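Here is the file input.pdb (PDB, N, CA and C atoms).
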```
ATOM      1  N   MET G   1    -147.253  -3.827  -6.210
ATOM      2  CA  MET G   1    -148.301  -3.178  -6.966
ATOM      3  C   MET G   1    -148.024  -3.371  -8.448
ATOM      4  N   PRO G   2    -148.961  -3.963  -9.132
ATOM      5  CA  PRO G   2    -148.743  -4.212 -10.554
ATOM      6  C   PRO G   2    -148.884  -2.945 -11.396
ATOM      7  N   ILE G   3    -148.053  -2.877 -12.391
ATOM      8  CA  ILE G   3    -148.120  -1.795 -13.372
ATOM      9  C   ILE G   3    -148.509  -2.437 -14.689
ATOM     10  N   PHE G   4    -149.578  -1.937 -15.288
ATOM     11  CA  PHE G   4    -150.045  -2.458 -16.558
ATOM     12  C   PHE G   4    -149.682  -1.490 -17.677
ATOM     13  N   GLU G   5    -149.494  -2.041 -18.859
ATOM     14  CA  GLU G   5    -149.196  -1.225 -20.022
ATOM     15  C   GLU G   5    -150.470  -1.077 -20.857
ATOM     16  N   PHE G   6    -150.645   0.129 -21.404
ATOM     17  CA  PHE G   6    -151.808   0.431 -22.226
ATOM     18  C   PHE G   6    -151.364   1.127 -23.497
ATOM     19  N   GLU G   7    -152.226   1.045 -24.501
ATOM     20  CA  GLU G   7    -152.007   1.793 -25.734
ATOM     21  C   GLU G   7    -153.316   2.489 -26.093
ATOM     22  N   CYS G   8    -153.208   3.762 -26.439
ATOM     23  CA  CYS G   8    -154.379   4.537 -26.813
ATOM     24  C   CYS G   8    -154.757   4.203 -28.255
ATOM     25  N   ARG G   9    -155.995   3.830 -28.464
ATOM     26  CA  ARG G   9    -156.464   3.525 -29.816
ATOM     27  C   ARG G   9    -156.703   4.790 -30.629
ATOM     28  N   SER G  10    -156.832   5.910 -29.961
ATOM     29  CA  SER G  10    -157.074   7.168 -30.661
ATOM     30  C   SER G  10    -155.798   7.754 -31.243
ATOM     31  N   CYS G  11    -154.735   7.824 -30.404
ATOM     32  CA  CYS G  11    -153.503   8.485 -30.871
ATOM     33  C   CYS G  11    -152.299   7.551 -30.945
ATOM     34  N   GLY G  12    -152.422   6.321 -30.436
ATOM     35  CA  GLY G  12    -151.322   5.364 -30.512
ATOM     36  C   GLY G  12    -150.294   5.482 -29.403
ATOM     37  N   HIS G  13    -150.508   6.395 -28.453
ATOM     38  CA  HIS G  13    -149.562   6.597 -27.358
ATOM     39  C   HIS G  13    -149.557   5.376 -26.433
ATOM     40  N   ALA G  14    -148.365   4.892 -26.090
ATOM     41  CA  ALA G  14    -148.224   3.774 -25.152
ATOM     42  C   ALA G  14    -147.832   4.348 -23.791
ATOM     43  N   PHE G  15    -148.462   3.828 -22.733
ATOM     44  CA  PHE G  15    -148.181   4.322 -21.384
ATOM     45  C   PHE G  15    -148.418   3.220 -20.363
ATOM     46  N   GLU G  16    -147.956   3.458 -19.148
ATOM     47  CA  GLU G  16    -148.123   2.512 -18.054
ATOM     48  C   GLU G  16    -149.082   3.085 -17.023
ATOM     49  N   GLN G  17    -149.792   2.204 -16.328
ATOM     50  CA  GLN G  17    -150.745   2.631 -15.303
ATOM     51  C   GLN G  17    -150.534   1.774 -14.059
ATOM     52  N   LEU G  18    -150.320   2.416 -12.935
ATOM     53  CA  LEU G  18    -150.184   1.721 -11.664
ATOM     54  C   LEU G  18    -151.570   1.317 -11.170
ATOM     55  N   VAL G  19    -151.714   0.065 -10.721
ATOM     56  CA  VAL G  19    -152.987  -0.426 -10.201
ATOM     57  C   VAL G  19    -152.835  -0.655  -8.710
ATOM     58  N   LEU G  20    -153.594   0.082  -7.943
ATOM     59  CA  LEU G  20    -153.516  -0.047  -6.492
ATOM     60  C   LEU G  20    -154.149  -1.355  -6.033
ATOM     61  N   PRO G  21    -153.600  -1.983  -5.002
ATOM     62  CA  PRO G  21    -154.161  -3.239  -4.505
ATOM     63  C   PRO G  21    -155.624  -3.063  -4.091
ATOM     64  N   GLY G  22    -156.440  -4.028  -4.470
ATOM     65  CA  GLY G  22    -157.855  -3.981  -4.122
ATOM     66  C   GLY G  22    -158.671  -3.052  -4.998
ATOM     67  N   ARG G  23    -158.056  -2.447  -6.019
ATOM     68  CA  ARG G  23    -158.778  -1.524  -6.899
ATOM     69  C   ARG G  23    -158.490  -1.859  -8.361
ATOM     70  N   PRO G  24    -158.870  -3.068  -8.815
ATOM     71  CA  PRO G  24    -158.581  -3.437 -10.197
ATOM     72  C   PRO G  24    -159.329  -2.567 -11.217
ATOM     73  N   GLU G  25    -160.372  -1.875 -10.774
ATOM     74  CA  GLU G  25    -161.125  -1.024 -11.709
ATOM     75  C   GLU G  25    -160.289   0.141 -12.230
ATOM     76  N   THR G  26    -159.198   0.473 -11.527
ATOM     77  CA  THR G  26    -158.343   1.566 -12.003
ATOM     78  C   THR G  26    -157.589   1.164 -13.263
ATOM     79  N   ALA G  27    -157.496  -0.138 -13.518
ATOM     80  CA  ALA G  27    -156.787  -0.605 -14.712
ATOM     81  C   ALA G  27    -157.732  -0.857 -15.876
ATOM     82  N   GLU G  28    -159.022  -0.701 -15.662
ATOM     83  CA  GLU G  28    -159.979  -1.022 -16.715
ATOM     84  C   GLU G  28    -159.847  -0.129 -17.936
ATOM     85  N   LYS G  29    -160.094   1.159 -17.788
ATOM     86  CA  LYS G  29    -160.048   2.088 -18.909
ATOM     87  C   LYS G  29    -159.456   3.415 -18.483
ATOM     88  N   PRO G  30    -158.146   3.455 -18.270
ATOM     89  CA  PRO G  30    -157.547   4.745 -17.898
ATOM     90  C   PRO G  30    -157.548   5.674 -19.106
ATOM     91  N   SER G  31    -157.526   6.958 -18.841
ATOM     92  CA  SER G  31    -157.470   7.906 -19.950
ATOM     93  C   SER G  31    -156.022   8.057 -20.404
ATOM     94  N   CYS G  32    -155.864   8.350 -21.673
ATOM     95  CA  CYS G  32    -154.544   8.519 -22.269
ATOM     96  C   CYS G  32    -153.926   9.824 -21.773
ATOM     97  N   PRO G  33    -152.699   9.786 -21.273
ATOM     98  CA  PRO G  33    -152.068  11.026 -20.810
ATOM     99  C   PRO G  33    -151.732  11.988 -21.955
ATOM    100  N   ALA G  34    -151.646  11.490 -23.188
ATOM    101  CA  ALA G  34    -151.302  12.351 -24.323
ATOM    102  C   ALA G  34    -152.518  13.100 -24.866
ATOM    103  N   CYS G  35    -153.649  12.373 -25.045
ATOM    104  CA  CYS G  35    -154.817  13.010 -25.679
ATOM    105  C   CYS G  35    -156.072  12.979 -24.811
ATOM    106  N   GLN G  36    -155.994  12.385 -23.628
ATOM    107  CA  GLN G  36    -157.098  12.293 -22.663
ATOM    108  C   GLN G  36    -158.250  11.389 -23.114
ATOM    109  N   ALA G  37    -158.087  10.666 -24.218
ATOM    110  CA  ALA G  37    -159.137   9.752 -24.686
ATOM    111  C   ALA G  37    -159.216   8.547 -23.752
ATOM    112  N   THR G  38    -160.404   7.960 -23.645
ATOM    113  CA  THR G  38    -160.566   6.767 -22.822
ATOM    114  C   THR G  38    -160.622   5.513 -23.685
ATOM    115  N   ASN G  39    -160.311   5.645 -24.955
ATOM    116  CA  ASN G  39    -160.296   4.517 -25.883
ATOM    117  C   ASN G  39    -158.928   3.840 -25.802
ATOM    118  N   THR G  40    -158.666   3.196 -24.658
ATOM    119  CA  THR G  40    -157.375   2.571 -24.416
ATOM    120  C   THR G  40    -157.512   1.064 -24.341
ATOM    121  N   GLU G  41    -156.406   0.383 -24.612
ATOM    122  CA  GLU G  41    -156.396  -1.071 -24.591
ATOM    123  C   GLU G  41    -155.199  -1.549 -23.780
ATOM    124  N   ARG G  42    -155.447  -2.479 -22.875
ATOM    125  CA  ARG G  42    -154.357  -3.036 -22.085
ATOM    126  C   ARG G  42    -153.548  -3.971 -22.979
ATOM    127  N   THR G  43    -152.231  -3.832 -22.944
ATOM    128  CA  THR G  43    -151.367  -4.652 -23.790
ATOM    129  C   THR G  43    -150.569  -5.616 -22.935
ATOM    130  N   LEU G  44    -149.998  -6.591 -23.564
ATOM    131  CA  LEU G  44    -149.174  -7.553 -22.853
ATOM    132  C   LEU G  44    -147.815  -6.946 -22.566
ATOM    133  N   SER G  45    -147.347  -7.141 -21.372
ATOM    134  CA  SER G  45    -146.018  -6.673 -20.997
ATOM    135  C   SER G  45    -145.024  -7.777 -21.312
ATOM    136  N   ILE G  46    -144.023  -7.431 -22.069
ATOM    137  CA  ILE G  46    -143.000  -8.405 -22.403
ATOM    138  C   ILE G  46    -141.692  -7.904 -21.808
ATOM    139  N   CYS G  47    -141.196  -8.630 -20.835
ATOM    140  CA  CYS G  47    -139.984  -8.211 -20.126
ATOM    141  C   CYS G  47    -138.793  -9.044 -20.575
ATOM    142  N   ALA G  48    -137.751  -8.376 -20.995
ATOM    143  CA  ALA G  48    -136.462  -9.002 -21.311
ATOM    144  C   ALA G  48    -136.591 -10.167 -22.285
ATOM    145  N   ILE G  49    -137.550 -10.101 -23.158
ATOM    146  CA  ILE G  49    -137.692 -11.130 -24.181
ATOM    147  C   ILE G  49    -137.432 -10.458 -25.517
ATOM    148  N   SER G  50    -136.533 -11.008 -26.247
ATOM    149  CA  SER G  50    -136.220 -10.440 -27.538
ATOM    150  C   SER G  50    -136.237 -11.543 -28.584
ATOM    151  N   SER G  51    -137.030 -11.338 -29.582
ATOM    152  CA  SER G  51    -137.084 -12.266 -30.703
ATOM    153  C   SER G  51    -137.255 -11.434 -31.959
ATOM    154  N   GLU G  52    -137.170 -12.058 -33.072
ATOM    155  CA  GLU G  52    -137.330 -11.328 -34.336
ATOM    156  C   GLU G  52    -138.706 -10.666 -34.408
ATOM    157  N   SER G  53    -139.747 -11.358 -33.962
ATOM    158  CA  SER G  53    -141.090 -10.782 -34.038
ATOM    159  C   SER G  53    -141.273  -9.610 -33.072
ATOM    160  N   THR G  54    -140.697  -9.685 -31.849
ATOM    161  CA  THR G  54    -140.827  -8.565 -30.920
ATOM    162  C   THR G  54    -140.027  -7.362 -31.400
ATOM    163  N   ARG G  55    -138.859  -7.613 -31.993
ATOM    164  CA  ARG G  55    -138.068  -6.507 -32.546
ATOM    165  C   ARG G  55    -138.798  -5.850 -33.713
ATOM    166  N   GLN G  56    -139.394  -6.653 -34.581
ATOM    167  CA  GLN G  56    -140.136  -6.108 -35.719
ATOM    168  C   GLN G  56    -141.350  -5.311 -35.248
ATOM    169  N   SER G  57    -142.041  -5.829 -34.239
ATOM    170  CA  SER G  57    -143.194  -5.119 -33.694
ATOM    171  C   SER G  57    -142.781  -3.785 -33.092
ATOM    172  N   ALA G  58    -141.707  -3.781 -32.327
ATOM    173  CA  ALA G  58    -141.218  -2.543 -31.720
ATOM    174  C   ALA G  58    -140.772  -1.559 -32.791
ATOM    175  N   LEU G  59    -140.132  -2.052 -33.830
ATOM    176  CA  LEU G  59    -139.678  -1.194 -34.917
ATOM    177  C   LEU G  59    -140.855  -0.577 -35.657
ATOM    178  N   GLN G  60    -141.897  -1.360 -35.907
ATOM    179  CA  GLN G  60    -143.095  -0.837 -36.585
ATOM    180  C   GLN G  60    -143.767   0.242 -35.749
ATOM    181  N   LYS G  61    -143.881   0.026 -34.447
ATOM    182  CA  LYS G  61    -144.487   1.026 -33.572
ATOM    183  C   LYS G  61    -143.656   2.302 -33.547
ATOM    184  N   ALA G  62    -142.334   2.154 -33.484
ATOM    185  CA  ALA G  62    -141.453   3.328 -33.469
ATOM    186  C   ALA G  62    -141.562   4.101 -34.784
ATOM    187  N   ARG G  63    -141.627   3.395 -35.901
ATOM    188  CA  ARG G  63    -141.773   4.065 -37.198
ATOM    189  C   ARG G  63    -143.104   4.809 -37.282
ATOM    190  N   LYS G  64    -144.153   4.208 -36.753
ATOM    191  CA  LYS G  64    -145.468   4.853 -36.764
ATOM    192  C   LYS G  64    -145.444   6.134 -35.931
ATOM    193  N   ARG G  65    -144.850   6.054 -34.729
ATOM    194  CA  ARG G  65    -144.742   7.245 -33.881
ATOM    195  C   ARG G  65    -143.892   8.309 -34.554
ATOM    196  N   ASN G  66    -142.776   7.892 -35.150
ATOM    197  CA  ASN G  66    -141.879   8.824 -35.818
ATOM    198  C   ASN G  66    -142.570   9.500 -36.994
ATOM    199  N   GLN G  67    -143.337   8.749 -37.753
ATOM    200  CA  GLN G  67    -144.017   9.325 -38.914
ATOM    201  C   GLN G  67    -145.000  10.404 -38.479
ATOM    202  N   SER G  68    -145.727  10.187 -37.399
ATOM    203  CA  SER G  68    -146.675  11.205 -36.945
ATOM    204  C   SER G  68    -145.943  12.456 -36.477
ATOM    205  N   VAL G  69    -144.766  12.291 -35.879
ATOM    206  CA  VAL G  69    -143.959  13.438 -35.460
ATOM    207  C   VAL G  69    -143.462  14.199 -36.686
ATOM    208  N   VAL G  70    -143.009  13.483 -37.701
ATOM    209  CA  VAL G  70    -142.511  14.114 -38.926
ATOM    210  C   VAL G  70    -143.623  14.902 -39.608
ATOM    211  N   VAL G  71    -144.803  14.321 -39.710
ATOM    212  CA  VAL G  71    -145.922  14.996 -40.355
ATOM    213  C   VAL G  71    -146.279  16.272 -39.602
ATOM    214  N   GLU G  72    -146.343  16.196 -38.276
ATOM    215  CA  GLU G  72    -146.678  17.376 -37.477
ATOM    216  C   GLU G  72    -145.604  18.449 -37.631
ATOM    217  N   LYS G  73    -144.344  18.050 -37.655
ATOM    218  CA  LYS G  73    -143.255  19.012 -37.828
ATOM    219  C   LYS G  73    -143.360  19.700 -39.189
ATOM    220  N   GLU G  74    -143.650  18.934 -40.234
ATOM    221  CA  GLU G  74    -143.796  19.516 -41.574
ATOM    222  C   GLU G  74    -144.960  20.507 -41.624
ATOM    223  N   ARG G  75    -146.055  20.180 -40.958
ATOM    224  CA  ARG G  75    -147.207  21.097 -40.913
ATOM    225  C   ARG G  75    -146.825  22.413 -40.250
ATOM    226  N   GLU G  76    -146.122  22.312 -39.117
ATOM    227  CA  GLU G  76    -145.714  23.512 -38.391
ATOM    228  C   GLU G  76    -144.740  24.356 -39.216
ATOM    229  N   GLU G  77    -143.798  23.701 -39.886
ATOM    230  CA  GLU G  77    -142.849  24.435 -40.713
ATOM    231  C   GLU G  77    -143.561  25.142 -41.866
ATOM    232  N   PHE G  78    -144.527  24.461 -42.483
ATOM    233  CA  PHE G  78    -145.279  25.070 -43.576
ATOM    234  C   PHE G  78    -146.092  26.261 -43.075
ATOM    235  N   LYS G  79    -146.713  26.089 -41.907
ATOM    236  CA  LYS G  79    -147.499  27.170 -41.330
ATOM    237  C   LYS G  79    -146.618  28.395 -41.055
ATOM    238  N   GLU G  80    -145.410  28.154 -40.539
ATOM    239  CA  GLU G  80    -144.483  29.254 -40.273
ATOM    240  C   GLU G  80    -144.044  29.938 -41.566
ATOM    241  N   MET G  81    -143.823  29.156 -42.629
ATOM    242  CA  MET G  81    -143.441  29.740 -43.917
ATOM    243  C   MET G  81    -144.547  30.628 -44.463
ATOM    244  N   VAL G  82    -145.787  30.165 -44.354
ATOM    245  CA  VAL G  82    -146.931  30.950 -44.836
ATOM    246  C   VAL G  82    -147.065  32.230 -44.026
ATOM    247  N   GLU G  83    -146.934  32.137 -42.709
ATOM    248  CA  GLU G  83    -147.018  33.325 -41.867
ATOM    249  C   GLU G  83    -145.897  34.318 -42.192
ATOM    250  N   HIS G  84    -144.709  33.793 -42.402
ATOM    251  CA  HIS G  84    -143.565  34.639 -42.746
ATOM    252  C   HIS G  84    -143.792  35.339 -44.085
ATOM    253  N   ALA G  85    -144.296  34.599 -45.072
ATOM    254  CA  ALA G  85    -144.565  35.174 -46.388
ATOM    255  C   ALA G  85    -145.656  36.243 -46.292
ATOM    256  N   ASN G  86    -146.669  36.013 -45.487
ATOM    257  CA  ASN G  86    -147.757  36.987 -45.335
ATOM    258  C   ASN G  86    -147.276  38.258 -44.642
ATOM    259  N   GLU G  87    -146.317  38.122 -43.738
ATOM    260  CA  GLU G  87    -145.791  39.300 -43.022
ATOM    261  C   GLU G  87    -145.001  40.214 -43.945
ATOM    262  N   HIS G  88    -144.381  39.635 -44.953
ATOM    263  CA  HIS G  88    -143.519  40.422 -45.841
ATOM    264  C   HIS G  88    -144.211  40.857 -47.127
ATOM    265  N   HIS G  89    -145.499  40.675 -47.239
ATOM    266  CA  HIS G  89    -146.234  41.142 -48.430
ATOM    267  C   HIS G  89    -147.276  42.148 -48.062
TER     268      HIS G  89
END
```

Is it possible to express this structure as structure tokens?
Amino acid sequence: MPIFEFECRSCGHAFEQLVLPGRPETAEKPSCPACQATNTERTLSICAISSESTRQSALQKARKRNQSVVVEKEREEFKEMVEHANEHH
């Protein structure tokens, strides 16, 4: 049973989708498990291939994911600071 890789165009989440034999339509437009959007794109699976371009691509994707996590963490910390300040005034 083939497993295809997808990336959500809405949130950037990368995920895999199992395609059952005789049902290729299940691989057409699966919903993103992170945000439930159906704006997904099937990506090429690269197995055990490492080159400068694949490493750079993986690094860019990781930095993008990390940046969104950092921004969300900063928002939450700021929100907590504001709530804390409001409680003590």

Which distance in Å separates atom N of Glu80 of chain G and atom CA of Ala37 of chain G, to one decimal?
27.9 Å

At a cut-off of 8 Å, using only N, CA and C atoms, what residues contact segment 61-77 of chain G? Leave out same-chain residues fewer than 6 positions from it and give the result as a VMD selection string.
chain G and resid 12 to 13 55 83

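Our summary of the geometry notes that atom N of Ala34 of chain G is positioned 11.7 Å from atom N of Gln17 of chain G.
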
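Between atom N of Cys8 of chain G and atom N of Ser50 of chain G there is a distance of 22.3 Å.
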
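Nearest-residue note for Thr40 of chain G: choosing from G:Leu20, G:Pro2, G:Ser53, G:Glu7, the minimum distance belongs to G:Glu7, counting only C-alpha atoms.
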
Matched chain/residue IDs from the PyMOL selection byres (((chain G and resi 15 and name CA) around 6) and name CA), as an NGL selection string
:G and (5-6 or 14 or 16)

So that I have them on file, write out the residues from the current selection with N, CA and C atoms, as an mmCIF file, keeping the file's coordinate frame.
```
data_model
loop_
_atom_site.group_PDB
_atom_site.id
_atom_site.type_symbol
_atom_site.label_atom_id
_atom_site.label_comp_id
_atom_site.auth_asym_id
_atom_site.auth_seq_id
_atom_site.Cartn_x
_atom_site.Cartn_y
_atom_site.Cartn_z
ATOM 1 N N GLU G 5 -149.494 -2.041 -18.859
ATOM 2 C CA GLU G 5 -149.196 -1.225 -20.022
ATOM 3 C C GLU G 5 -150.470 -1.077 -20.857
ATOM 4 N N PHE G 6 -150.645 0.129 -21.404
ATOM 5 C CA PHE G 6 -151.808 0.431 -22.226
ATOM 6 C C PHE G 6 -151.364 1.127 -23.497
ATOM 7 N N ALA G 14 -148.365 4.892 -26.090
ATOM 8 C CA ALA G 14 -148.224 3.774 -25.152
ATOM 9 C C ALA G 14 -147.832 4.348 -23.791
ATOM 10 N N GLU G 16 -147.956 3.458 -19.148
ATOM 11 C CA GLU G 16 -148.123 2.512 -18.054
ATOM 12 C C GLU G 16 -149.082 3.085 -17.023
#
```
